[in-house]
Structure formats: structure tokens, C-alpha cells
>>> print(open('data_23.cif').read())   # mmCIF, C-alpha atoms
data_structure
loop_
_atom_site.label_atom_id
_atom_site.label_comp_id
_atom_site.auth_asym_id
_atom_site.auth_seq_id
_atom_site.Cartn_x
_atom_site.Cartn_y
_atom_site.Cartn_z
CA MET I 1458 -96.00 120.80 47.96
CA ASP I 1459 -92.72 119.02 47.31
CA ALA I 1460 -91.11 117.07 50.12
CA GLY I 1461 -88.61 119.19 51.99
CA GLU I 1462 -89.82 122.46 50.46
CA ASP I 1463 -90.42 125.26 52.95
CA ILE I 1464 -93.93 126.64 53.30
CA PRO I 1465 -93.23 130.27 52.22
CA ARG I 1466 -91.65 129.17 48.94
CA ALA I 1467 -94.51 126.74 48.27
CA LEU I 1468 -97.03 129.52 48.86
CA VAL I 1469 -95.18 131.76 46.42
CA ARG I 1470 -95.39 129.03 43.79
CA GLN I 1471 -99.12 128.63 44.37
CA VAL I 1472 -99.71 132.38 44.13
CA ALA I 1473 -97.65 132.55 40.92
CA ALA I 1474 -99.61 129.67 39.40
CA ALA I 1475 -102.92 131.37 40.19
CA THR I 1476 -101.87 134.84 39.00
CA TYR I 1477 -102.68 136.04 35.49
CA HIS I 1478 -103.49 139.25 33.67
CA GLN I 1479 -106.06 139.64 30.89
CA VAL I 1480 -106.29 142.45 28.35
CA TRP I 1481 -109.79 142.94 26.95
CA TRP I 1482 -109.47 144.99 23.79
CA PRO I 1483 -111.61 145.13 20.65
CA PRO I 1484 -110.88 142.38 18.10
CA ALA I 1485 -107.50 142.99 16.50
CA ASP I 1486 -106.73 139.79 14.63
CA GLN I 1487 -107.65 141.08 11.13
CA LEU I 1488 -107.09 144.47 9.53
CA VAL I 1489 -110.21 146.37 8.51
CA TYR I 1490 -108.29 149.01 6.52
CA GLU I 1491 -105.01 148.87 4.66
CA PRO I 1492 -102.21 151.22 5.76
CA GLY I 1493 -102.46 153.17 2.52
CA ARG I 1494 -106.20 153.56 2.92
CA ALA I 1495 -106.48 154.42 6.59
CA PRO I 1496 -109.35 156.48 8.06
CA GLN I 1497 -108.87 160.23 7.93
CA TRP I 1498 -109.64 162.94 10.48
CA ASN I 1499 -112.90 164.77 9.88
CA PRO I 1500 -112.94 168.14 11.65
CA ASP I 1501 -116.72 168.46 11.30
CA ALA I 1502 -117.30 165.12 13.01
CA CYS I 1503 -114.36 165.64 15.44
CA GLY I 1504 -113.13 162.14 14.77
CA TYR I 1505 -111.85 159.65 12.22
CA THR I 1506 -114.21 158.46 9.52
CA ASP I 1507 -114.37 155.65 6.96
CA PRO I 1508 -112.47 156.70 3.81
CA ASP I 1509 -115.26 155.35 1.56
CA THR I 1510 -118.54 155.94 3.38
CA GLY I 1511 -117.52 158.85 5.59
CA GLU I 1512 -119.09 157.11 8.59
CA LEU I 1513 -117.61 157.97 11.98
CA LEU I 1514 -115.61 155.12 13.51
CA PRO I 1515 -116.58 153.82 16.95
CA SER I 1516 -114.75 155.65 19.72
CA TRP I 1517 -112.64 153.94 22.34
CA ASP I 1518 -115.38 154.56 24.90
CA ASP I 1519 -117.74 152.48 22.75
CA ALA I 1520 -115.22 149.65 22.41
CA PRO I 1521 -116.23 147.85 25.67
CA ASP I 1522 -119.82 147.72 24.44
CA LEU I 1523 -118.66 146.04 21.23
CA VAL I 1524 -116.77 143.44 23.24
CA ASP I 1525 -119.74 142.79 25.54
CA ALA I 1526 -122.05 142.36 22.54
CA ASP I 1527 -119.88 139.59 21.10
CA PRO I 1528 -120.75 136.24 22.77
CA ASP I 1529 -117.54 134.68 21.42
CA ALA I 1530 -115.26 137.47 22.63
CA LYS I 1531 -111.98 136.42 24.18
CA PRO I 1532 -109.19 138.45 25.79
CA VAL I 1533 -106.62 139.72 23.33
CA HIS I 1534 -103.74 138.94 25.68
CA VAL I 1535 -103.40 136.61 28.68
CA VAL I 1536 -100.16 136.86 30.63
CA ARG I 1537 -99.08 134.31 33.24
CA PHE I 1538 -95.93 133.52 35.16
CA GLY I 1539 -93.61 130.99 33.61
CA SER I 1540 -93.31 127.40 34.77
CA GLN I 1541 -89.96 128.12 36.45
CA VAL I 1542 -90.41 130.13 39.65
CA ASP I 1543 -87.30 130.29 41.83
CA ALA I 1544 -88.17 132.58 44.73
CA LYS I 1545 -85.39 133.10 47.25
CA GLY I 1546 -85.11 135.60 50.05
CA VAL I 1547 -82.06 137.84 50.24
CA LEU I 1548 -80.98 139.50 53.47
CA ALA I 1549 -79.51 142.99 53.38
CA GLY I 1550 -75.78 143.24 54.06
CA THR I 1551 -74.97 139.69 52.95
CA LYS I 1552 -72.79 138.54 50.08
CA ASP I 1553 -75.89 137.32 48.23
CA ALA I 1554 -77.36 140.83 48.41
CA ASP I 1555 -74.21 142.40 46.95
CA ARG I 1556 -74.10 139.73 44.23
CA CYS I 1557 -77.76 140.28 43.30
CA VAL I 1558 -77.34 144.05 43.18
CA GLY I 1559 -74.27 143.70 40.97
CA TYR I 1560 -76.05 141.25 38.68
CA ILE I 1561 -79.10 143.48 38.28
CA THR I 1562 -76.98 146.60 37.75
CA LYS I 1563 -74.93 144.82 35.10
CA TYR I 1564 -77.92 143.98 32.94
CA LEU I 1565 -79.84 147.19 33.58
CA THR I 1566 -76.98 149.14 32.03
CA LYS I 1567 -76.95 146.94 28.94
CA GLN I 1568 -78.99 147.62 25.82
CA ALA I 1569 -81.54 144.98 24.92
CA ALA I 1570 -80.14 144.83 21.39
CA ASP I 1571 -76.68 143.91 22.72
CA CYS I 1572 -77.81 140.44 23.76
CA HIS I 1573 -77.88 139.08 20.19
CA ASP I 1574 -75.87 140.34 17.24
CA VAL I 1575 -77.43 140.12 13.78
CA THR I 1576 -74.65 138.71 11.59
CA THR I 1577 -76.28 136.55 8.89
CA GLY I 1578 -78.67 137.27 6.07
CA TRP I 1579 -81.27 134.94 7.53
CA GLN I 1580 -81.20 136.85 10.79
CA ARG I 1581 -81.59 140.17 9.00
CA ALA I 1582 -84.51 138.82 6.98
CA HIS I 1583 -86.15 137.54 10.16
CA LEU I 1584 -85.70 140.91 11.85
CA GLU I 1585 -87.21 142.71 8.84
CA ARG I 1586 -90.22 140.39 8.80
CA LEU I 1587 -90.75 140.73 12.54
CA TRP I 1588 -90.51 144.53 12.29
CA ALA I 1589 -93.03 144.54 9.41
CA GLU I 1590 -95.47 142.48 11.49
CA LEU I 1591 -95.10 144.57 14.63
CA ARG I 1592 -95.21 147.85 12.73
CA HIS I 1593 -99.01 147.77 12.52
CA THR I 1594 -99.62 145.87 15.75
CA GLN I 1595 -101.40 147.82 18.47
CA CYS I 1596 -99.34 148.35 21.61
CA SER I 1597 -101.53 150.75 23.58
CA GLU I 1598 -105.08 152.07 23.60
CA ARG I 1599 -103.80 155.49 22.50
CA ARG I 1600 -101.86 154.42 19.38
CA ALA I 1601 -102.85 155.20 15.80
CA ASN I 1602 -102.70 151.54 14.73
CA TRP I 1603 -106.22 151.08 16.09
CA LEU I 1604 -107.50 153.01 13.07
CA LEU I 1605 -106.58 150.04 10.86
CA TYR I 1606 -108.89 147.86 12.97
CA GLY I 1607 -111.85 150.21 12.68
CA ILE I 1608 -111.60 151.75 16.15
CA GLN I 1609 -110.64 155.27 17.11
CA PRO I 1610 -107.83 155.20 19.69
CA LYS I 1611 -108.31 156.64 23.12
CA LYS I 1612 -108.11 160.46 23.11
CA ALA I 1613 -107.95 160.55 19.32
CA ARG I 1614 -106.55 163.73 17.79
CA PRO I 1615 -105.70 164.95 14.28
CA GLY I 1616 -102.48 163.82 12.62
CA LEU I 1617 -102.39 160.16 13.71
CA LYS I 1618 -100.64 157.91 11.16
CA PRO I 1619 -100.83 154.11 11.55
CA GLY I 1620 -97.49 152.38 11.26
CA ASN I 1621 -95.48 155.33 12.58
CA CYS I 1622 -95.70 154.61 16.30
CA LYS I 1623 -92.59 155.78 18.15
CA ASN I 1624 -93.09 153.48 21.11
CA LYS I 1625 -90.12 151.32 22.11
CA VAL I 1626 -91.89 148.11 21.15
CA HIS I 1627 -91.76 149.13 17.45
CA LYS I 1628 -88.13 150.25 17.34
CA ARG I 1629 -85.61 147.88 15.82
CA GLU I 1630 -83.20 148.01 18.76
CA THR I 1631 -85.99 147.17 21.26
CA LEU I 1632 -88.36 145.31 18.94
CA GLY I 1633 -91.13 143.58 20.85
CA ILE I 1634 -89.90 144.90 24.21
CA GLY I 1635 -92.08 147.69 25.53
CA GLY I 1636 -92.35 149.55 28.80
CA ARG I 1637 -89.81 149.81 31.59
CA ARG I 1638 -87.32 147.10 32.38
CA VAL I 1639 -87.96 147.45 36.12
CA LEU I 1640 -90.85 148.68 38.22
CA ILE I 1641 -90.68 152.32 39.18
CA SER I 1642 -90.48 153.22 42.84
CA ARG I 1643 -94.15 154.02 43.45
CA GLN I 1644 -95.23 150.72 41.86
CA ARG I 1645 -92.76 148.68 43.85
CA SER I 1646 -93.09 150.28 47.28
CA GLY I 1647 -95.95 152.75 47.04
CA LYS I 1648 -93.52 155.62 47.70
CA THR I 1649 -92.19 158.34 45.47
CA LEU I 1650 -88.51 159.26 45.15
CA ALA I 1651 -89.11 162.18 47.52
CA ASP I 1652 -90.49 159.74 50.12
CA HIS I 1653 -87.44 157.49 49.77
CA ARG I 1654 -85.09 160.47 50.15
CA ALA I 1655 -86.93 161.51 53.30
CA ASP I 1656 -86.68 157.97 54.69
CA ARG I 1657 -82.94 157.82 54.00
CA ARG I 1658 -82.46 161.24 55.60
CA GLU I 1659 -84.27 160.14 58.77
CA TRP I 1660 -82.26 156.90 58.87
CA VAL I 1661 -78.94 158.77 58.60
CA LYS I 1662 -80.01 161.32 61.23
CA ALA I 1663 -80.98 158.54 63.63
CA LEU I 1664 -77.69 156.72 63.01
CA LEU I 1665 -75.58 159.85 63.52
CA GLY I 1666 -77.63 161.01 66.50
CA VAL I 1667 -78.72 164.24 64.81
CA THR I 1668 -81.98 165.50 66.25
CA THR I 1669 -82.31 168.97 64.69
CA ASP I 1670 -82.19 170.38 61.21
CA ALA I 1671 -83.58 173.38 59.37
CA ASP I 1672 -87.15 172.13 59.88
CA THR I 1673 -86.89 171.21 63.57
CA ALA I 1674 -84.51 173.90 64.82
CA PRO I 1675 -85.75 175.79 67.91
CA ALA I 1676 -87.47 179.10 67.40
CA GLY I 1677 -85.24 182.16 67.34
CA SER I 1678 -82.15 180.30 66.17
CA ASP I 1679 -82.34 181.63 62.62
CA THR I 1680 -81.06 185.12 63.33
CA VAL I 1681 -79.68 185.46 59.80
CA ARG I 1682 -82.05 185.37 56.87
CA TYR I 1683 -80.95 183.94 53.54
CA ALA I 1684 -82.44 184.08 50.06
CA TRP I 1685 -81.62 181.02 47.94
CA GLU I 1686 -81.55 180.93 44.14
CA LEU I 1687 -80.08 178.59 41.52
CA ALA I 1688 -76.54 179.53 40.53
CA LYS I 1689 -75.75 180.18 36.89
CA PRO I 1690 -72.53 179.10 35.15
CA THR I 1691 -71.89 182.75 34.29
CA ASP I 1692 -71.97 183.94 37.92
CA PRO I 1693 -68.53 185.22 39.00
CA ASP I 1694 -68.56 183.32 42.31
CA VAL I 1695 -69.31 179.93 40.74
CA PRO I 1696 -66.14 177.79 40.42
CA PRO I 1697 -65.42 175.83 37.22
CA LEU I 1698 -67.33 172.60 36.58
CA GLY I 1699 -64.29 170.42 37.22
CA HIS I 1700 -63.76 171.95 40.65
CA ARG I 1701 -67.43 171.49 41.55
CA VAL I 1702 -67.36 167.82 40.50
CA LEU I 1703 -64.21 167.12 42.52
CA ARG I 1704 -65.70 168.91 45.53
CA ALA I 1705 -68.89 166.85 45.27
CA ILE I 1706 -66.86 163.62 45.06
CA SER I 1707 -64.80 164.65 48.09
CA GLU I 1708 -67.94 165.42 50.10
CA ARG I 1709 -69.45 162.07 49.17
CA ILE I 1710 -66.29 160.25 50.27
CA GLN I 1711 -66.30 162.09 53.61
CA TRP I 1712 -69.98 161.33 54.13
CA ARG I 1713 -69.38 157.67 53.37
CA VAL I 1714 -66.49 157.47 55.84
CA GLN I 1715 -68.57 159.12 58.58
CA LEU I 1716 -71.55 156.88 57.83
CA ASP I 1717 -69.44 153.70 57.90
CA ALA I 1718 -67.87 154.77 61.21
CA ALA I 1719 -71.31 155.41 62.70
CA ARG I 1720 -72.57 152.04 61.51
CA ARG I 1721 -69.59 150.23 63.03
CA ALA I 1722 -70.15 152.06 66.31
CA ALA I 1723 -73.85 151.22 66.30
CA ASP I 1724 -73.29 147.52 65.47
CA PRO I 1725 -70.35 146.17 67.51
CA PRO I 1726 -68.88 142.92 66.23
CA ASP I 1727 -70.40 139.74 67.66
CA VAL I 1728 -67.47 138.01 69.35
CA SER I 1729 -68.26 134.52 70.62
CA ALA I 1730 -66.80 132.89 73.69
CA THR I 1731 -64.70 130.61 71.51
CA ASP I 1732 -63.12 133.59 69.75
CA GLN I 1733 -62.40 135.26 73.09
CA SER I 1734 -60.74 132.15 74.41
CA LEU I 1735 -58.59 131.80 71.34
CA THR I 1736 -57.59 135.47 71.50
CA SER I 1737 -56.68 135.49 75.17
CA GLY I 1738 -55.15 132.03 75.15
CA ARG I 1739 -57.29 130.91 78.09
CA SER I 1740 -59.09 127.61 78.35
CA LEU I 1741 -62.83 127.13 78.76
CA ASP I 1742 -62.41 124.23 81.21
CA CYS I 1743 -64.51 124.34 84.36
CA ASP I 1744 -61.32 124.43 86.42
CA GLY I 1745 -60.37 127.86 84.94
#
>>> encode(input="data_23.cif", output="C-alpha cells")
Amino acid sequence: MDAGEDIPRALVRQVAAATYHQVWWPPADQLVYEPGRAPQWNPDACGYTDPDTGELLPSWDDAPDLVDADPDAKPVHVVRFGSQVDAKGVLAGTKDADRCVGYITKYLTKQAADCHDVTTGWQRAHLERLWAELRHTQCSERRANWLLYGIQPKKARPGLKPGNCKNKVHKRETLGIGGRRVLISRQRSGKTLADHRADRREWVKALLGVTTDADTAPAGSDTVRYAWELAKPTDPDVPPLGHRVLRAISERIQWRVQLDAARRAADPPDVSATDQSLTSGRSLDCDG
């Protein structure tokens, strides 16, 4: 631990240094088949077979046994945190929180390909070579590129063609960048979007002092029965789209004003004794 470093941040650094992720896949460093001579689907065998011998390729379920049988087997990928770990806490409602949200939003709305513009011939040649290398690189256990390494992908089906994967990692605009750019809600908090909406609804109800709704209304209060259905644009009582958008914006503005007023009423400003003395012009001397 560095001198003057707080304990929580030091613990985060230790956890980051000890955290890693291994991917144990079948060997994939050398191609077994060329792209033009890839294994073909055999309907009688219900799987992909060798184009020369007709032998059925090992399935993905047999792949772990092949790895266990190899005494020199090593993980295909090992991922660790980088050497620079700058963990800082951010409190809600502060300027740092607003700055972090704005920073994240700015780069989440950008395309990954917008970070670097390809302007020279050398850059184009490098991009072409990188795309050619990644074209037949396996990116998931379900992709057809595994056929070139002598393994049937997970849940193999007819029609798989190595080198034609449509995953983001193989596209030129997102080359080498696969998956989501941020964790989805259930991975980050263990809650679905419906759970978060319910939490926000309960928070707003508690702030506004609302104790009843359609679910908690007392019995006998629903004297009028309604049947709800989705409106269609062709319905005569549906206003034009522009009117509906403006109405939704107006409702949101009204809700925001009411919510801000309720928050100010719930959290009165913290006025210190010094501020009170300066406002009233009175002294804080013991004499009064």
C-alpha cells in the first residue's frame, strides 16, 4: 500500500491485480482446413464431416475432453485488468456525478469507427490485413469458424460458412470490438428494466406522498370498468403524431417540475449559523 493511500482504494487495486478470466477452448492456433475446403454438413450423420475421409468431426461437447487429454494445454485467452487502475467514488447529486454521466453519454453515442479516420494507403492496407486475419478467427463457441479448426461449433446446424460471421467483431467499422460497450442492467445490478422501473415508481410515490394507485386502491373504488387496447394510427380518435409528441414532452416537463418541487420540499437547504448571521446582520458575539 502506498503511503497516504486510503484503504478502500488500496483494496480495489489488490482485487484488480488478483482478478483474471481464462477461456479454455480447443486449440485454435493453426488451421486444420482451408476456407475453400471446409467440412460439409452430412444429413445422415447429423453433423459436419471431413471433406476427404467423411469422418464426423468432434462435437463441441467432446471438446473439453480433448483439452483435458492434452497435458500441454493452455487457455486460449487470459484477460486481466490493466496496470492503471484509478478507482474513485462518485456521490449522487454532485458536480462530479454530472460530469461523469455527461462523459459516458458522450462516448456511448459515438461510433467506435469515429475515433480514428483511415486516410493513408498504409492505414488502409493495415485495416485490410487485420480484417483478413480476424475473418477466420473464432469469436464464440457457436460460430462457423470452428469448422476450420476441426471442431463442430456448439449447436451446429446446416448452412454454416466459415469466414462469413456477422458478429460485430468481424465488421470493418467495429473490427476487433465485440459484445456490448457497457454492462446490461441485470449484469450490473441483478435487476431487470422492469425492476428498475418499479423502484423508480416507488421512489417517486414516496417523495410525492402518494400511497395508492391502481394496484393498492381500496376495494369497491373501481365502479367503472375499462377495457384497454393499443391504439392504431388509423383510429379516428388518435391525434396526429406531432400532437402526441408535443403532449408527451409537455407532460414530461410538468412531471419534472413537480418532482423538483417535491425534492426541494423534502430536502430543505442547509443554512449554517454563519450564513444566518450574515443575512440578518447580527453578530455572533456572546454579548448578543
>>> resolve_selection(input="data_23.cif", expression="the PyMOL selection byres ((chain I and resi 1503) around 10)", output="number ranges by chain")
I: 1498-1502, 1504-1506, 1513, 1613-1615
>>> write_last_selection(input="data_23.cif", atoms="C-alpha atoms", output="short mmCIF file (atom, residue, chain, number, x, y, z; two decimals), in the frame of the given file")
data_model
loop_
_atom_site.label_atom_id
_atom_site.label_comp_id
_atom_site.auth_asym_id
_atom_site.auth_seq_id
_atom_site.Cartn_x
_atom_site.Cartn_y
_atom_site.Cartn_z
CA TRP I 1498 -109.64 162.94 10.48
CA ASN I 1499 -112.90 164.77 9.88
CA PRO I 1500 -112.94 168.14 11.65
CA ASP I 1501 -116.72 168.46 11.30
CA ALA I 1502 -117.30 165.12 13.01
CA GLY I 1504 -113.13 162.14 14.77
CA TYR I 1505 -111.85 159.65 12.22
CA THR I 1506 -114.21 158.46 9.52
CA LEU I 1513 -117.61 157.97 11.98
CA ALA I 1613 -107.95 160.55 19.32
CA ARG I 1614 -106.55 163.73 17.79
CA PRO I 1615 -105.70 164.95 14.28
#
>>> atom_distance(input="data_23.cif", atom1="atom CA of I:His1534", atom2="atom CA of I:Lys1628")
21.0 Å
>>> atom_distance(input="data_23.cif", atom1="atom CA of I:Lys1623", atom2="atom CA of I:Trp1588")
12.9 Å
>>> resolve_selection(input="data_23.cif", expression="the PyMOL selection byres ((chain I and resi 1469) around 12)", output="MDAnalysis selection string")
chainID I and resid 1458 1462:1468 1470:1476 1538 1541:1546
>>> resolve_selection(input="data_23.cif", expression="the PyMOL selection byres ((chain I and resi 1489-1493) around 8)", output="number ranges by chain")
I: 1487-1488, 1494-1496, 1604-1607, 1619-1620
>>> atom_distance(input="data_23.cif", atom1="atom CA of I:Asp1694", atom2="atom CA of I:Glu1708")
19.5 Å
>>> closest_residue(input="data_23.cif", among="I:Leu1587, I:Leu1632, I:Val1702, I:Ala1520", to="I:Lys1611", atoms="all atoms listed in the file")
I:Ala1520
>>> closest_residue(input="data_23.cif", among="I:Asp1529, I:Trp1579, I:Gln1711, I:Cys1596", to="I:Lys1625", atoms="all atoms listed in the file")
I:Cys1596
>>> closest_residue(input="data_23.cif", among="I:Ile1608, I:Ser1707, I:Ala1722, I:Leu1591", to="I:Asn1621", atoms="all atoms listed in the file")
I:Leu1591
>>> residues_around(input="data_23.cif", residues="I:Leu1664", least_positions_apart="4", cutoff="8 Å", atoms="all atoms listed in the file", output="number ranges by chain")
I: 1660, 1719-1720, 1723
>>> closest_residue(input="data_23.cif", among="I:Pro1483, I:Ala1589, I:Asp1652, I:Arg1599", to="I:Ala1526", atoms="all atoms listed in the file")
I:Pro1483
>>> closest_atom_pairs(input="data_23.cif", of="stretch 1565-1667 of chain I", to="stretch 1713-1716 of chain I", cutoff="12 Å", atoms="only C-alpha atoms", output="CSV")
residue,atom,partner,partner_atom,distance
I:Arg1658,CA,I:Leu1716,CA,12.0
I:Trp1660,CA,I:Leu1716,CA,10.8
I:Val1661,CA,I:Leu1716,CA,7.7
I:Lys1662,CA,I:Leu1716,CA,10.1
I:Ala1663,CA,I:Leu1716,CA,11.2
I:Leu1664,CA,I:Leu1716,CA,8.0
I:Leu1665,CA,I:Leu1716,CA,7.6
I:Gly1666,CA,I:Leu1716,CA,11.4
>>> decode(input="data_23.cif", residues="stretch 1570-1594 of chain I", atoms="N, CA and C atoms", output="mmCIF file, in the first residue's frame")
data_model
loop_
_atom_site.group_PDB
_atom_site.id
_atom_site.type_symbol
_atom_site.label_atom_id
_atom_site.label_comp_id
_atom_site.auth_asym_id
_atom_site.auth_seq_id
_atom_site.Cartn_x
_atom_site.Cartn_y
_atom_site.Cartn_z
ATOM 1 N N ALA I 1570 -15.815 3.411 -34.834
ATOM 2 C CA ALA I 1570 -15.000 3.729 -36.006
ATOM 3 C C ALA I 1570 -14.713 5.223 -36.134
ATOM 4 N N ASP I 1571 -15.406 6.070 -35.368
ATOM 5 C CA ASP I 1571 -15.198 7.508 -35.460
ATOM 6 C C ASP I 1571 -13.964 7.978 -34.702
ATOM 7 N N CYS I 1572 -13.365 7.092 -33.921
ATOM 8 C CA CYS I 1572 -12.203 7.503 -33.124
ATOM 9 C C CYS I 1572 -10.970 7.734 -33.998
ATOM 10 N N HIS I 1573 -10.826 6.932 -35.049
ATOM 11 C CA HIS I 1573 -9.654 7.050 -35.927
ATOM 12 C C HIS I 1573 -10.130 7.011 -37.383
ATOM 13 N N ASP I 1574 -9.724 7.983 -38.139
ATOM 14 C CA ASP I 1574 -10.064 8.054 -39.558
ATOM 15 C C ASP I 1574 -8.945 7.426 -40.386
ATOM 16 N N VAL I 1575 -9.317 6.548 -41.309
ATOM 17 C CA VAL I 1575 -8.355 5.925 -42.212
ATOM 18 C C VAL I 1575 -8.159 6.854 -43.405
ATOM 19 N N THR I 1576 -6.974 7.455 -43.502
ATOM 20 C CA THR I 1576 -6.722 8.467 -44.533
ATOM 21 C C THR I 1576 -5.573 8.104 -45.458
ATOM 22 N N THR I 1577 -4.667 7.232 -45.052
ATOM 23 C CA THR I 1577 -3.494 6.915 -45.863
ATOM 24 C C THR I 1577 -3.591 5.504 -46.419
ATOM 25 N N GLY I 1578 -2.784 5.237 -47.421
ATOM 26 C CA GLY I 1578 -2.749 3.903 -48.004
ATOM 27 C C GLY I 1578 -2.221 2.859 -47.049
ATOM 28 N N TRP I 1579 -1.246 3.241 -46.220
ATOM 29 C CA TRP I 1579 -0.712 2.308 -45.232
ATOM 30 C C TRP I 1579 -1.779 1.917 -44.221
ATOM 31 N N GLN I 1580 -2.589 2.865 -43.813
ATOM 32 C CA GLN I 1580 -3.661 2.558 -42.872
ATOM 33 C C GLN I 1580 -4.705 1.642 -43.495
ATOM 34 N N ARG I 1581 -5.035 1.870 -44.747
ATOM 35 C CA ARG I 1581 -5.996 1.007 -45.428
ATOM 36 C C ARG I 1581 -5.443 -0.409 -45.579
ATOM 37 N N ALA I 1582 -4.160 -0.515 -45.919
ATOM 38 C CA ALA I 1582 -3.554 -1.836 -46.052
ATOM 39 C C ALA I 1582 -3.536 -2.559 -44.711
ATOM 40 N N HIS I 1583 -3.255 -1.816 -43.636
ATOM 41 C CA HIS I 1583 -3.261 -2.430 -42.306
ATOM 42 C C HIS I 1583 -4.659 -2.914 -41.932
ATOM 43 N N LEU I 1584 -5.674 -2.108 -42.237
ATOM 44 C CA LEU I 1584 -7.044 -2.492 -41.940
ATOM 45 C C LEU I 1584 -7.445 -3.733 -42.735
ATOM 46 N N GLU I 1585 -7.033 -3.810 -44.008
ATOM 47 C CA GLU I 1585 -7.357 -4.977 -44.820
ATOM 48 C C GLU I 1585 -6.691 -6.232 -44.268
ATOM 49 N N ARG I 1586 -5.439 -6.102 -43.857
ATOM 50 C CA ARG I 1586 -4.731 -7.263 -43.315
ATOM 51 C C ARG I 1586 -5.346 -7.707 -41.990
ATOM 52 N N LEU I 1587 -5.696 -6.746 -41.154
ATOM 53 C CA LEU I 1587 -6.311 -7.098 -39.871
ATOM 54 C C LEU I 1587 -7.671 -7.759 -40.086
ATOM 55 N N TRP I 1588 -8.442 -7.254 -41.057
ATOM 56 C CA TRP I 1588 -9.745 -7.861 -41.342
ATOM 57 C C TRP I 1588 -9.572 -9.276 -41.878
ATOM 58 N N ALA I 1589 -8.553 -9.496 -42.729
ATOM 59 C CA ALA I 1589 -8.307 -10.829 -43.275
ATOM 60 C C ALA I 1589 -7.917 -11.809 -42.173
ATOM 61 N N GLU I 1590 -7.161 -11.336 -41.172
ATOM 62 C CA GLU I 1590 -6.767 -12.212 -40.071
ATOM 63 C C GLU I 1590 -7.950 -12.544 -39.165
ATOM 64 N N LEU I 1591 -8.766 -11.534 -38.882
ATOM 65 C CA LEU I 1591 -9.889 -11.746 -37.970
ATOM 66 C C LEU I 1591 -11.083 -12.411 -38.652
ATOM 67 N N ARG I 1592 -11.054 -12.472 -39.972
ATOM 68 C CA ARG I 1592 -12.194 -13.040 -40.680
ATOM 69 C C ARG I 1592 -12.411 -14.509 -40.305
ATOM 70 N N HIS I 1593 -11.327 -15.254 -40.121
ATOM 71 C CA HIS I 1593 -11.425 -16.670 -39.805
ATOM 72 C C HIS I 1593 -11.031 -16.963 -38.359
ATOM 73 N N THR I 1594 -11.029 -15.937 -37.523
ATOM 74 C CA THR I 1594 -10.752 -16.121 -36.105
ATOM 75 C C THR I 1594 -12.050 -16.408 -35.370
#
